[in-house]
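Worksheet for the structure shown next.
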Amino acid sequence: SISALELDVAKLTAQFVAKNGKSFLQTLIQKEQKNYLFDFLRPQHGHFQYFTKLVEQYSKILLPETKMMENLKLEEKKPSALLDKAMYKVEWLKYQERVKKKEEDDREKERVSFAQIDWHDFVVVETIDFPVDEAGDLPPPVTPDELGARLIAQERYERMKEHPEEFTGEDDDGEEEEEEEEGEGEEKEENDTMDVEMEVTDDEAEDEDTFKPPQVPEEEAA
């Protein structure tokens, strides 16, 4: 709380500081440092923020900026624009109040629902402790790709249980595709075997064409 005398002193001091600048403020602090009426000049005082705000507002009034003066002149010529700004501000404040009230209502509903839970109605069935040095029989971790494949397979299985007629044709197609793949694999193996035999035959033919009988030395022949 602040008394009427302290409020008047703070306002008058803020006007002089706004008009004369920070040098006047420093001089005043040194001169009135033992006067309790000027304790609000200390940053740790509770009214220091209020005094600083007063200085800012008085500075805008006593030493207005050029742009501000131009805006004021335009608003003077068009009072309807000033009225629109005021109405916009009113609507904005109403909107802020509605948002704040909604947030408070949501918090209150959450608090009530939380209070309605009977926390003594729960029973601890069993407590399982996992020592750090114990090697449990837990499955190894899976990679993201393996996890995705498992989820897709699980969704497909559940959908198959609900709508088996959708997967009847797919199963037949899958069997036909498997049979075709098996046939293609057998044909490929036969072709590979024939190619190997042809290569062996060609190699033998080349050996026969290039074969020459060993020559007997003349001395042994005599």
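By convention here, the chains of the structure tokens are called A, B, ... in the order presented, each chain's residues are numbered starting at 1, and ligands are numbered starting at 1 in the order presented.
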
Which residues are near A:Leu5? Cut-off 12 Å, only C-alpha atoms, ignore same chain within fewer than 5 positions. Put them as a list in words.
Ala10, Lys11, Leu12, Tyr36, Leu37 and Phe38 of chain A

Output N, CA and C atoms of each residue in that selection to a file, as a PDB file, in the first residue's frame.
```pdb
ATOM      1  N   ALA A  10       5.744  10.610  -5.626  1.00  0.00           N
ATOM      2  CA  ALA A  10       6.206   9.746  -6.713  1.00  0.00           C
ATOM      3  C   ALA A  10       5.798  10.312  -8.073  1.00  0.00           C
ATOM      4  N   LYS A  11       4.564  10.802  -8.187  1.00  0.00           N
ATOM      5  CA  LYS A  11       4.107  11.357  -9.462  1.00  0.00           C
ATOM      6  C   LYS A  11       4.875  12.621  -9.830  1.00  0.00           C
ATOM      7  N   LEU A  12       5.061  13.510  -8.854  1.00  0.00           N
ATOM      8  CA  LEU A  12       5.782  14.756  -9.131  1.00  0.00           C
ATOM      9  C   LEU A  12       7.248  14.472  -9.487  1.00  0.00           C
ATOM     10  N   TYR A  36      12.975   9.117   3.723  1.00  0.00           N
ATOM     11  CA  TYR A  36      12.162   7.921   3.526  1.00  0.00           C
ATOM     12  C   TYR A  36      11.107   8.118   2.446  1.00  0.00           C
ATOM     13  N   LEU A  37      10.722   9.378   2.151  1.00  0.00           N
ATOM     14  CA  LEU A  37       9.711   9.624   1.125  1.00  0.00           C
ATOM     15  C   LEU A  37      10.219   9.284  -0.279  1.00  0.00           C
ATOM     16  N   PHE A  38      11.534   9.177  -0.437  1.00  0.00           N
ATOM     17  CA  PHE A  38      12.123   8.871  -1.749  1.00  0.00           C
ATOM     18  C   PHE A  38      12.728   7.456  -1.776  1.00  0.00           C
TER      19      PHE A  38
END
```

Just asking: which residues within stretch 33-95 of chain A are helix (DSSP H, G or I) according to DSSP, as an MDAnalysis selection string?
chainID A and resid 36:41 48:62 66:77 79:95

So the first atom is atom CA of A:Leu7 and the second is atom CA of A:Lys19; what is the distance between them in Å, to one decimal place?
18.6 Å

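You will find atom CA of A:Leu54 at 9.8 Å from atom CA of A:Val17.
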
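Nearest-residue note for A:Ser59: choosing from A:Pro141, A:Pro131, A:Gly21, A:Pro164, the minimum distance belongs to A:Gly21, counting only C-alpha atoms.
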
What is the distance between atom CA of A:Lys102 and atom CA of A:Val90, in Å to one decimal?
18.5 Å

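Distances from A:Val9, A:Ala86, A:Leu41, A:Ala149 to A:Gln26 were compared using only C-alpha atoms, and the smallest one belongs to A:Leu41.
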